[in-house]
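Read the structure below first, then the notes.
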Amino acid sequence: MAFVGAGMRFLRDLFRRRQRAPLPRQRRDMISLVVLSNSHVELTLDTLRGHLEELYPGHFLPPRDKGTFVVEGNILDTPFLIQSDIPGAAGSFLLHNVPGPYTMFSDFAAHISDPSLRRLAQAQCCWLSVDLIHHSTTEEDAYRFIGSVLAKLAPHDAAAVVHPSRLITIAFDDDVRRKLADGGQVFGASNRLQ
C-alpha cells in the first residue's frame with residue numbers, strides 16, 4: 001500500500017509540474033485524454049498487448065523490441081510505454097492506470113460549470129489516461145490513437161472523459177465510446193486547444 005501512495009504522490013507532482021511549467025517560446029499543449037471511473041482496469045503487459053492487437057492487428061503481437069511494442073513500468077502502478085510505428089498513429093505514448101482519484105492530480109473539476117457533472121467527476125475513484133510523449137504524426141492522428149485505446153480499455157462504469165489541456169470534461173457514455181473508437185472528436189471539431 002505504501003508503494004501505491006508513493007506512486008500516486010509522484011504522479012500528482014509530475015502532473016502539477018506539467019500543468020504549471022513555464023511554456024517555451026511556442027506553446028505546446030499536452031496531448032492526452034483521461035477517463036474517470038469507479039473501477040480500476042486490471043492490466044498486465046500481456047493483456048494490454050492483446051487489447052492493442054485487437055485494435056491494430058499484426059502490430060503488437062507477437063511481442064517485439066523494435067517498431068511497435070509495449071513496455072511495462074517496473075514499479076507498481078507506473079505507466080506502460082506504448083511505442084507505435086503504425087502509419088497514422090506513430091509516436092510514443094504513456095498509458096496511466098491509476099486506482100485513485102484524478103482530483104489528486106488536477107484541478108479540472110473546478111472548471112466544470114454543470115454541478116451534476118462536477119459531482120459525478122469528483123466521485124470517481126480511478127482514472128485511465130493515454131498521453132503522447134513524443135510524436136511522429138499529427139496531433140489529430142495522436143488523438144485518434146489515444147481515443148481508440150481509451151474506448152477499448154475504459155471500464156463499463158466510465159463516467160467522464162477529461163481533456164487536460166483544455167480543462168473540459170464531458171460525460172462518458174456509449175455514444176462517446178463509439179466516437180472515440182471510430183476516431184471521432186468528442187471535444188468539438190478539434191481536440192486541440194483553440
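FYI, nothing fancy with the C-alpha cells labels: chains A, B, ... in order, residues from 1 per chain, ligands from 1 as they appear.
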task = Just list the residues in region 49-130 of chain A DSSP gives helix (DSSP H, G or I) on the backbone, as a list in words.
result =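 Those in region 49-130 of chain A that DSSP calls helix (DSSP H, G or I) are Arg49, Gly50, His51, Leu52, Glu53, Glu54, Leu55, Tyr102, Thr103, Met104, Phe108, Ala109, Ala110, His111, Pro115, Ser116, Leu117, Arg118, Arg119, Leu120, Ala121, Gln122 and Ala123 of chain A.
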Writer output for current selection, C-alpha atoms, as a PDB file, in the first residue's frame:
ATOM      1  CA  ARG A  49      -0.767  -6.192 -25.858  1.00  0.00           C
ATOM      2  CA  GLY A  50      -3.847  -8.317 -26.577  1.00  0.00           C
ATOM      3  CA  HIS A  51      -6.193  -5.321 -26.441  1.00  0.00           C
ATOM      4  CA  LEU A  52      -3.883  -3.261 -28.662  1.00  0.00           C
ATOM      5  CA  GLU A  53      -3.572  -6.168 -31.104  1.00  0.00           C
ATOM      6  CA  GLU A  54      -7.384  -6.259 -31.390  1.00  0.00           C
ATOM      7  CA  LEU A  55      -7.320  -2.566 -32.334  1.00  0.00           C
ATOM      8  CA  TYR A 102      -7.836  12.234 -10.666  1.00  0.00           C
ATOM      9  CA  THR A 103      -8.706  15.193  -8.433  1.00  0.00           C
ATOM     10  CA  MET A 104      -5.422  14.469  -6.604  1.00  0.00           C
ATOM     11  CA  PHE A 108     -10.003  20.029 -13.662  1.00  0.00           C
ATOM     12  CA  ALA A 109     -13.220  19.787 -11.596  1.00  0.00           C
ATOM     13  CA  ALA A 110     -13.058  23.488 -10.710  1.00  0.00           C
ATOM     14  CA  HIS A 111     -13.631  24.194 -14.415  1.00  0.00           C
ATOM     15  CA  PRO A 115     -22.875  20.942 -10.918  1.00  0.00           C
ATOM     16  CA  SER A 116     -24.165  17.407 -11.570  1.00  0.00           C
ATOM     17  CA  LEU A 117     -21.283  16.609 -13.955  1.00  0.00           C
ATOM     18  CA  ARG A 118     -18.817  18.109 -11.453  1.00  0.00           C
ATOM     19  CA  ARG A 119     -20.177  15.893  -8.643  1.00  0.00           C
ATOM     20  CA  LEU A 120     -20.101  12.845 -10.919  1.00  0.00           C
ATOM     21  CA  ALA A 121     -16.494  13.511 -11.981  1.00  0.00           C
ATOM     22  CA  GLN A 122     -15.340  14.182  -8.421  1.00  0.00           C
ATOM     23  CA  ALA A 123     -16.958  10.948  -7.194  1.00  0.00           C
TER      24      ALA A 123
END
Report as a tab-separated table the residues of region 36-84 of chain A within 12 Å of region 160-177 of chain A, each with its shortest atom pair and distance in Å (one decimal), using only C-alpha atoms, ordered by chain and increasing residue number.
residue	atom	partner	partner_atom	distance
A:Leu36	CA	A:Ala160	CA	5.2
A:Ser37	CA	A:Ala160	CA	7.2
A:Asn38	CA	A:Ala160	CA	10.5
task = Give the answer as one residue: which of A:Leu180, A:Ala159, A:Val149, A:Ile112 has the shortest atom-to-atom distance to Leu95 (chain A), using only C-alpha atoms?
result =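 Going through A:Leu180, A:Ala159, A:Val149, A:Ile112 one by one, the smallest distance to Leu95 (chain A) is for A:Val149.
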inquiry  = I need the residues of chain A that end up classed as strand (DSSP E) by DSSP on the backbone, written out as a PyMOL selection string.
reply    = chain A and resi 32-37+69-71+80-84+91-98+126-135+160-163+168-171
For the residues in that selection, give me N, CA, C and O atoms as a short mmCIF file (atom, residue, chain, number, x, y, z; two decimals), in the first residue's frame.
data_model
loop_
_atom_site.label_atom_id
_atom_site.label_comp_id
_atom_site.auth_asym_id
_atom_site.auth_seq_id
_atom_site.Cartn_x
_atom_site.Cartn_y
_atom_site.Cartn_z
N SER A 32 -3.45 14.53 -24.60
CA SER A 32 -3.85 13.49 -23.66
C SER A 32 -5.36 13.53 -23.47
O SER A 32 -5.98 14.57 -23.64
N LEU A 33 -5.91 12.40 -23.10
CA LEU A 33 -7.29 12.31 -22.64
C LEU A 33 -7.31 11.41 -21.41
O LEU A 33 -6.49 10.49 -21.29
N VAL A 34 -8.24 11.68 -20.49
CA VAL A 34 -8.34 10.95 -19.23
C VAL A 34 -9.77 10.46 -19.06
O VAL A 34 -10.71 11.24 -19.21
N VAL A 35 -9.94 9.18 -18.76
CA VAL A 35 -11.25 8.61 -18.48
C VAL A 35 -11.36 8.36 -16.98
O VAL A 35 -10.46 7.76 -16.38
N LEU A 36 -12.46 8.82 -16.39
CA LEU A 36 -12.71 8.66 -14.96
C LEU A 36 -13.74 7.57 -14.73
O LEU A 36 -14.75 7.52 -15.45
N SER A 37 -13.51 6.73 -13.72
CA SER A 37 -14.44 5.65 -13.42
C SER A 37 -14.32 5.28 -11.95
O SER A 37 -13.46 5.80 -11.23
N PHE A 69 5.74 -1.62 -29.98
CA PHE A 69 5.86 -2.50 -28.83
C PHE A 69 5.33 -1.81 -27.58
O PHE A 69 5.03 -0.61 -27.58
N VAL A 70 5.21 -2.58 -26.50
CA VAL A 70 4.75 -2.08 -25.20
C VAL A 70 5.78 -2.46 -24.16
O VAL A 70 6.30 -3.58 -24.16
N VAL A 71 6.07 -1.52 -23.26
CA VAL A 71 6.99 -1.77 -22.15
C VAL A 71 6.23 -1.52 -20.86
O VAL A 71 5.57 -0.49 -20.71
N PHE A 80 2.53 2.28 -18.56
CA PHE A 80 3.05 1.46 -19.64
C PHE A 80 3.52 2.43 -20.73
O PHE A 80 2.87 3.44 -20.99
N LEU A 81 4.61 2.10 -21.38
CA LEU A 81 5.08 2.85 -22.54
C LEU A 81 4.60 2.10 -23.77
O LEU A 81 4.83 0.90 -23.91
N ILE A 82 3.91 2.80 -24.65
CA ILE A 82 3.46 2.23 -25.92
C ILE A 82 4.21 2.96 -27.02
O ILE A 82 4.06 4.17 -27.18
N GLN A 83 5.04 2.23 -27.76
CA GLN A 83 5.74 2.78 -28.91
C GLN A 83 5.02 2.29 -30.16
O GLN A 83 4.90 1.09 -30.36
N SER A 84 4.54 3.22 -30.95
CA SER A 84 3.76 2.87 -32.14
C SER A 84 4.45 3.37 -33.40
O SER A 84 4.76 4.56 -33.51
N GLY A 91 4.07 7.25 -32.71
CA GLY A 91 4.51 8.07 -31.60
C GLY A 91 4.78 7.23 -30.37
O GLY A 91 4.60 6.02 -30.37
N SER A 92 5.20 7.90 -29.32
CA SER A 92 5.42 7.26 -28.03
C SER A 92 4.35 7.77 -27.08
O SER A 92 4.15 8.98 -26.96
N PHE A 93 3.70 6.84 -26.40
CA PHE A 93 2.57 7.17 -25.53
C PHE A 93 2.79 6.54 -24.16
O PHE A 93 3.41 5.48 -24.05
N LEU A 94 2.27 7.19 -23.13
CA LEU A 94 2.23 6.60 -21.80
C LEU A 94 0.77 6.29 -21.48
O LEU A 94 -0.10 7.13 -21.67
N LEU A 95 0.55 5.08 -20.97
CA LEU A 95 -0.77 4.68 -20.51
C LEU A 95 -0.73 4.63 -18.99
O LEU A 95 0.02 3.84 -18.41
N HIS A 96 -1.50 5.53 -18.35
CA HIS A 96 -1.60 5.57 -16.89
C HIS A 96 -2.88 4.84 -16.49
O HIS A 96 -3.94 5.09 -17.06
N ASN A 97 -2.78 3.99 -15.50
CA ASN A 97 -3.92 3.23 -14.99
C ASN A 97 -3.86 3.36 -13.47
O ASN A 97 -3.15 2.62 -12.80
N VAL A 98 -4.59 4.33 -12.92
CA VAL A 98 -4.38 4.73 -11.53
C VAL A 98 -5.61 4.42 -10.67
O VAL A 98 -6.71 4.89 -10.96
N CYS A 126 -11.03 6.23 -9.80
CA CYS A 126 -9.98 5.66 -10.65
C CYS A 126 -9.88 6.45 -11.94
O CYS A 126 -10.84 7.09 -12.35
N TRP A 127 -8.72 6.40 -12.57
CA TRP A 127 -8.57 7.05 -13.87
C TRP A 127 -7.60 6.30 -14.75
O TRP A 127 -6.72 5.58 -14.29
N LEU A 128 -7.83 6.49 -16.04
CA LEU A 128 -7.06 5.85 -17.09
C LEU A 128 -6.76 6.93 -18.11
O LEU A 128 -7.68 7.65 -18.53
N SER A 129 -5.50 7.10 -18.47
CA SER A 129 -5.19 8.12 -19.48
C SER A 129 -4.13 7.61 -20.44
O SER A 129 -3.35 6.71 -20.12
N VAL A 130 -4.13 8.21 -21.61
CA VAL A 130 -3.07 7.98 -22.59
C VAL A 130 -2.54 9.36 -22.95
O VAL A 130 -3.29 10.26 -23.32
N ASP A 131 -1.22 9.50 -22.81
CA ASP A 131 -0.53 10.77 -23.09
C ASP A 131 0.48 10.56 -24.20
O ASP A 131 1.25 9.59 -24.16
N LEU A 132 0.50 11.47 -25.15
CA LEU A 132 1.54 11.45 -26.17
C LEU A 132 2.79 12.08 -25.55
O LEU A 132 2.73 13.18 -25.01
N ILE A 133 3.92 11.37 -25.62
CA ILE A 133 5.15 11.94 -25.07
C ILE A 133 6.17 12.27 -26.16
O ILE A 133 7.09 13.04 -25.93
N HIS A 134 6.00 11.68 -27.34
CA HIS A 134 6.84 12.02 -28.49
C HIS A 134 6.05 11.65 -29.73
O HIS A 134 5.58 10.53 -29.86
N HIS A 135 5.90 12.61 -30.63
CA HIS A 135 5.08 12.28 -31.80
C HIS A 135 5.86 12.27 -33.09
O HIS A 135 6.79 13.01 -33.29
N ALA A 160 -16.80 9.84 -17.04
CA ALA A 160 -16.43 11.13 -17.63
C ALA A 160 -15.12 10.99 -18.38
O ALA A 160 -14.31 10.12 -18.09
N VAL A 161 -14.92 11.88 -19.33
CA VAL A 161 -13.64 11.98 -20.04
C VAL A 161 -13.19 13.43 -19.94
O VAL A 161 -13.99 14.36 -20.10
N VAL A 162 -11.91 13.60 -19.64
CA VAL A 162 -11.32 14.93 -19.40
C VAL A 162 -10.29 15.21 -20.49
O VAL A 162 -9.49 14.35 -20.82
N HIS A 163 -10.34 16.43 -21.00
CA HIS A 163 -9.28 16.92 -21.89
C HIS A 163 -8.39 17.80 -21.01
O HIS A 163 -8.75 18.94 -20.69
N ILE A 168 -11.61 20.64 -20.06
CA ILE A 168 -13.00 20.38 -20.41
C ILE A 168 -13.31 18.95 -20.02
O ILE A 168 -12.51 18.04 -20.27
N THR A 169 -14.48 18.75 -19.42
CA THR A 169 -14.93 17.43 -19.02
C THR A 169 -16.31 17.19 -19.60
O THR A 169 -17.16 18.08 -19.55
N ILE A 170 -16.52 16.01 -20.15
CA ILE A 170 -17.84 15.62 -20.65
C ILE A 170 -18.19 14.26 -20.07
O ILE A 170 -17.32 13.50 -19.65
N ALA A 171 -19.48 13.96 -20.06
CA ALA A 171 -19.93 12.65 -19.60
C ALA A 171 -19.46 11.59 -20.60
O ALA A 171 -19.44 11.82 -21.81
#
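Residue nearest Leu45 (chain A), chosen from A:Asp157, A:Glu140, A:Asp182, A:Glu72 and counting only C-alpha atoms: A:Glu72.
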inquiry  = Between CA of Phe145 (chain A) and CA of Gln124 (chain A), what distance in Å does the model show, to one decimal?
reply    =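 Atom-to-atom, CA of Phe145 (chain A) to CA of Gln124 (chain A), that is 24.2 Å.
Remark: for Gly88 (chain A), the closest of the candidate residues A:Val41, A:Ile146, A:Cys125, A:Ile31 is A:Ile146 (distances computed over only C-alpha atoms).
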task = Tell me which of A:Leu43, A:Val186, A:Ala181, A:Met30 sits closest to Glu139 (chain A), counting only C-alpha atoms.
result =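 Checking each candidate against Glu139 (chain A), we get A:Met30 as the closest.
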